[in-house]
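Okay, structure first, notes after.
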Amino acid sequence: MVKIDILVFDTKIPTKSFPVRDLLKLLCLVTYLAVLPFTLFAQTNEGRAFWCAFMEHRDENRNTKVLMITSKQSTSGTVSMPLTGWTQNFSVVANGVSLITLPANAETFGSETVTSTGINIVANDPISVYMHQYFSMRSEASVVLPNSSIGDEYFVMTYEGVERSGTVFPSEFLIVATQDETTITITVSDNTVRGRGPGSSFDITLDQGQTYQVQALAGSGDLTGSHVQGDKDFALFGGNKWTQVPKNCEARDNLLEQMYPLATWGKLFVTVPNDKVLYDVFRILASEDNTVVTVAGSGTQTYNLNQGEFVEYQASQASFISADAPILVGQFNVGANCNGHTLGDPSMVILNTVEQTRDTVTLFNSSFQDITENYINVIAQTVDIENVLFDGSRLGDMGLSIGAVGPNDEFSYARVTVNSGAHTIISQGCGVIATAYGYGFVESYAYSGGASFNEINANPIPEGGCLNDTIFFDTGLEPPRFSFDWDLGDGTMTTLNKFQHFYNGLGEYPVRLILTDHCLLKVDTLYRDLLVSLRQAVDATDLVELCQGEEIQLSATDLEGARYEWQGPRQYFSEEQFPIITDADPDMSGEYEVIGIVSGCATFPAFTPVTVYPTPIPDLGPDTLFCARDFAFELDPGEFATYRWQDNSLANNYEVVFEGNYAVTVTSDFGCQGEDEVSLVEQCPTKIFVPNIFSPNDDNINDDFGPFGTDIISLHMQIFDRWGNLVFETFDENNHWNGEWNNQPAPNGVYVWFIELEGYLRDGNTFSQKKTGSVTLVR
């Protein structure tokens with residue numbers, strides 16, 4: 001059982017002298033000053049390995065797809081599309097940007113089909129990655145999360161699509177698998193192209209680098225609120241092929257944004273209207289039923305949302321959003337026809353919760369596709385914001401208008417006009433949140449500068465462990481921003497953020513963690529009964545032998561309350577009790593290990609040896625010609641255990657008599673079958689014989705003269721006497737000279753013949769040939 005109490009200190013608590021809130025804030029500042037200039041917490045939109053993909057764009061096959069790579073230090077790496085063979089190396093200098101243009105086939109097309117458009121980015125040192133997709137006044141950008149910051153459960157945020165002249169430009173989202181054999185359950189919130197209705201669920205299985213795009217059926221469709229959950233981590237992107245924001249504004253653009261995993265969603269947000277425009281559109285999406293959301297800006301509005309539901313509203317002033325359950329907040333730029341500015345177009349950005357700030361942010365403002373105005377919105381705590389460094393200058397010294405927001409003006413924001421290029425923002429306090437955006441003529445883009453992406457919605461107390469084992473505790477959070485007060489249930493107390501502990505007896509231990517966020521002045525109390533139990537045993541399938549292409553079916557015995565972890569060749573991993581691996585290949589052979597985990601206590605491992613026998617490959621050779629009159633033609637598929645030919649004969653070879661199609665199925669010593677077939681055409685080489693004497697005396701022996709041949713395509717023969725007179729001519733090989741000329745017997749003597757011949761060579765090719773000779777007529 002887990003109980004969570006959230007206590008937020010504010011000035012409503014009675015005090016005799018100094019307000020508790022101000023006292024804590026002062027103590028917090030003193031603590032920070034004591035530890036500067038050390039890094040305060042992890043930068044988890046930085047990483048060394050990333051996966052992403054580009055969705056279908058309004059201008060199919062014509063749009064440009066660019067990755068923008070930044071780093072705090074000079075480094076290098078590789079961008080690749082492993083399933084297509086495309087690869088390109090990159091290098092980036094410290095605080096600079098490297099731009100990588102992707103090939104045209106990096107765009108994902110269609111709905112609800114497996115594709116191979118996954119893009120892998122690998123670097124030698126930590127980098128941040130952003131993506132930009134654009135063509136002719138239609139562009140959008142997004143932050144790309146590293147593999148360490150993605151998750152296995154998401155809700156999608158997109159926008160309603162449009163339909164123009166009978167063509168639908170849909171709401172869409174795109175899944176990118178980062179591991180093989182990833183099984184994902186998708187529950188869609190609207191009708192899809194492939195006929196799935198709202199609320200319907202279906203499963204897909206993807207290997208690393210494979211992608212799966214889902215598009216709404218109608219222009220009025222909106223896939224916001226769709227739920228996507230897998231058995232392994234994967235990346236998810238949402239947006240639109242082309243749409244207008246808001247719905248009644250006739251200005252359209254593509255939308256593209258990476259979705260944040262559910263475990264990283266927050267409950268506190270600050271929204272800042274973008275510069276120069278009359279208003280922005282916001283959406284708030286709930287992760288749980290009965291979520292209460294309060295938006296405090298020029299006024300206060302409360303919304304009650306169920307899981308997967310969202311609310312959309314327009315705002316022209318900064319606001320503070322609070323919720324009693326994790327929410328996702330999106331901000332949408334409005335088209336130039338409606339925004340009161342001469343520039344701009346729809347764009348989308350997922351906002352970061354103020355619970356996930358960063359100490360350093362490097363962003364790249366783009367000049368791509370005619371962007372002429374660039375901005376960055378910066379959010380920080382009010383006590384910190386003037387000391388935030390923007391490209392080396394204090395925000396407080398830049399002459400900016402700084403606004404405050406929050407129940408007690410705890411947060412402040414600044415909107416900075418910038419040039420295109422890289423910009424670095426550094427906080428020496430409780431961190432910053434930054435969003436980059438820009439406008440052009442009917443053009444815009446927006447993306448987040450990243451956040452910490454800690455799993456703030458997870459309980460860090462372990463389920464339990466095994467007797468005589470060390471149990472590891474890790475909050476995933478770092479001091480000095482956070483402090484930790486642990487009661488481990490056995491009399492042990494500690495204030496460490498991560499440690500290991502040994503329990504010396506069986507049973508349940510009531511563990512309590514008081515987690516204090518000194519920046520947000522928030523205290524969470526978490527409980528869990530940690531169970532220390534005896535290690536159990538799990539059994540697995542003894543031996544699996546199968547043929548290539550079949551399914552590997554693994555099995556672990558039932559353990560009450562257990563979850564399972566399988567590992568095997570090719571980095572195989574599964575959390576199913578009875579996993580099935582489709583389309584088995586010989587390199588999947590090896591030992592598969594399974595453990596069951598009951599309340600944190602892992603069983604002794606069990607092993608299943610798996611052998612995948614290769615498919616036997618008979619070889620009947622290529623389709624070819626044969627000539628039965630010259631030699632016997634025999635098909636020999638190779639050495640195997642058994643054979644079965646197309647006529648059910650069982651010999652190890654087959655003598656061909658007639659042309660046609662021939663097939664064989666062979667079986668290996670392991671019982672695996674393979675097939676081959678071949679098409680044979682009978683075609684013999686041309687043969688011709690011309691005699692040199694004949695006697696036309698009606699004795700039925702050599703009474704006429706002509707060529708004798710087989711497989712002749714065409715023939716033209718002429719016969720001349722010694723004076724050059726043409727005495728006979730034919731185009732028919734079977735039409736011979738009877739020894740007459742002008743209906744009279746020709747005299748004895750020698751005659752000259754000429755033949756033009758077209759026939760076949762032994763390889764089936766044709767040839768043309770001229771032949772000449774003489775023949776003696778004797779009566």
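To be explicit about the labels: the chains of the structure tokens are called A, B, and onward in the order shown, and within each one the residues are counted from 1, while ligands get numbers from 1 in the order they are shown.
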Skipping near chain neighbours, those fewer than 4 positions away, what residues fall within 6 Å of stretch 280-284 of chain A using only C-alpha atoms, listed as a tab-separated table (two decimals) with C-alpha atoms, in the first residue's frame?
chain	number	residue	atom	x	y	z
A	310	PHE	CA	-8.48	17.60	-22.45
A	311	VAL	CA	-9.58	21.18	-22.27
A	312	GLU	CA	-8.63	23.89	-24.79
A	313	TYR	CA	-8.64	27.61	-24.10
A	314	GLN	CA	-7.08	30.86	-25.30
A	315	ALA	CA	-4.92	33.11	-23.13
A	328	LEU	CA	0.33	17.44	-19.94
A	329	VAL	CA	0.18	21.03	-21.18
A	330	GLY	CA	0.60	22.11	-24.81
A	331	GLN	CA	0.97	25.63	-26.20
A	332	PHE	CA	-0.01	26.43	-29.79
A	333	ASN	CA	1.00	29.44	-31.87
DSSP-assigned strand (DSSP E) members of stretch 585-627 of chain A, reported as a ChimeraX atom specification: /A:590-598,601-602,606-613,624-626
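The residue that comes closest to A:Phe237, out of A:Thr211, A:Thr772, A:Thr475, A:Asn374 and on the basis of only C-alpha atoms, is A:Thr211.
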Excluding A:Asn337 and its own-chain neighbours fewer than 4 positions away, which residues fall within 10 Å of it when counting only C-alpha atoms? Please give them as a short mmCIF file (atom, residue, chain, number, x, y, z; two decimals) with N, CA, C and O atoms, in the first residue's frame.
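Printed below is out-v2.cif as written:
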data_model
loop_
_atom_site.label_atom_id
_atom_site.label_comp_id
_atom_site.auth_asym_id
_atom_site.auth_seq_id
_atom_site.Cartn_x
_atom_site.Cartn_y
_atom_site.Cartn_z
N CYS A 249 -9.54 29.60 -37.65
CA CYS A 249 -8.56 30.54 -38.20
C CYS A 249 -7.98 29.98 -39.48
O CYS A 249 -7.36 28.91 -39.48
N GLU A 250 -8.13 30.66 -40.58
CA GLU A 250 -7.70 30.17 -41.89
C GLU A 250 -6.20 30.41 -42.10
O GLU A 250 -5.79 31.19 -42.97
N ALA A 251 -5.40 29.77 -41.28
CA ALA A 251 -3.94 29.79 -41.45
C ALA A 251 -3.45 28.44 -40.98
O ALA A 251 -3.71 28.04 -39.85
N ARG A 252 -2.71 27.73 -41.82
CA ARG A 252 -2.41 26.33 -41.55
C ARG A 252 -0.91 26.04 -41.61
O ARG A 252 -0.17 26.72 -42.31
N HIS A 341 -0.46 39.87 -35.42
CA HIS A 341 0.91 40.15 -35.86
C HIS A 341 0.98 39.86 -37.35
O HIS A 341 0.22 39.05 -37.88
N THR A 342 1.86 40.51 -38.05
CA THR A 342 1.93 40.31 -39.50
C THR A 342 2.62 39.01 -39.87
O THR A 342 2.61 38.60 -41.02
N LEU A 343 3.27 38.35 -38.88
CA LEU A 343 4.01 37.13 -39.13
C LEU A 343 3.45 36.01 -38.27
O LEU A 343 2.75 36.23 -37.29
N GLY A 344 3.81 34.77 -38.63
CA GLY A 344 3.47 33.63 -37.80
C GLY A 344 2.54 32.65 -38.48
O GLY A 344 1.94 32.93 -39.53
N ASP A 345 2.41 31.49 -37.89
CA ASP A 345 1.59 30.40 -38.38
C ASP A 345 1.47 29.39 -37.24
O ASP A 345 2.22 29.48 -36.26
N VAL A 442 3.74 33.81 -42.92
CA VAL A 442 2.93 32.59 -42.80
C VAL A 442 3.80 31.39 -42.42
O VAL A 442 3.71 30.32 -43.01
#
Long-range neighbours of A:Gly476 as a PyMOL selection string, 9 Å cut-off, only C-alpha atoms, 2 positions minimum in chain: chain A and resi 454-456+460+474+478+497-498
Backbone DSSP call of helix (DSSP H, G or I) for stretch 195-402 of chain A, listed as a PyMOL selection string: chain A and resi 262-264+368-370+385-387+395-397
Near-A:Leu757 list (9 Å; only C-alpha atoms; drop same-chain fewer than 4 positions) as number ranges by chain: A: 712-717, 767-771
Atomic separation - atom CA of A:Ile552 relative to atom CA of A:Thr615, Å: 15.0 Å
Pairwise distance for atom CA of A:Leu255 and atom CA of A:Gly195, rounded to one decimal in Å: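 Separation between atom CA of A:Leu255 and atom CA of A:Gly195: 23.6 Å.
Excluding stretch 74-79 of chain A and any residue on its chain fewer than 6 positions from it, the residues at most 9 Å away by only C-alpha atoms are Arg48, Trp86, Thr87, Gln88, Asn89, Phe90, Ser91, Val92, Val93, Ala94, Asn95, Gly96, Ile100, Leu102, Ile119, Asn120, Ile121, Val122, Ala123, Asn124, Asp125, Pro126 and Ile127 of chain A.
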Atomic separation - atom CA of A:Pro605 relative to atom CA of A:Val544, Å: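 Those two atoms sit 17.2 Å apart.
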Which of A:Asn274, A:Asn387, A:Thr167, A:Asn408 sits closest to A:Ala434 [using only C-alpha atoms]: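 Selected residue with least distance to A:Ala434: A:Asn274.
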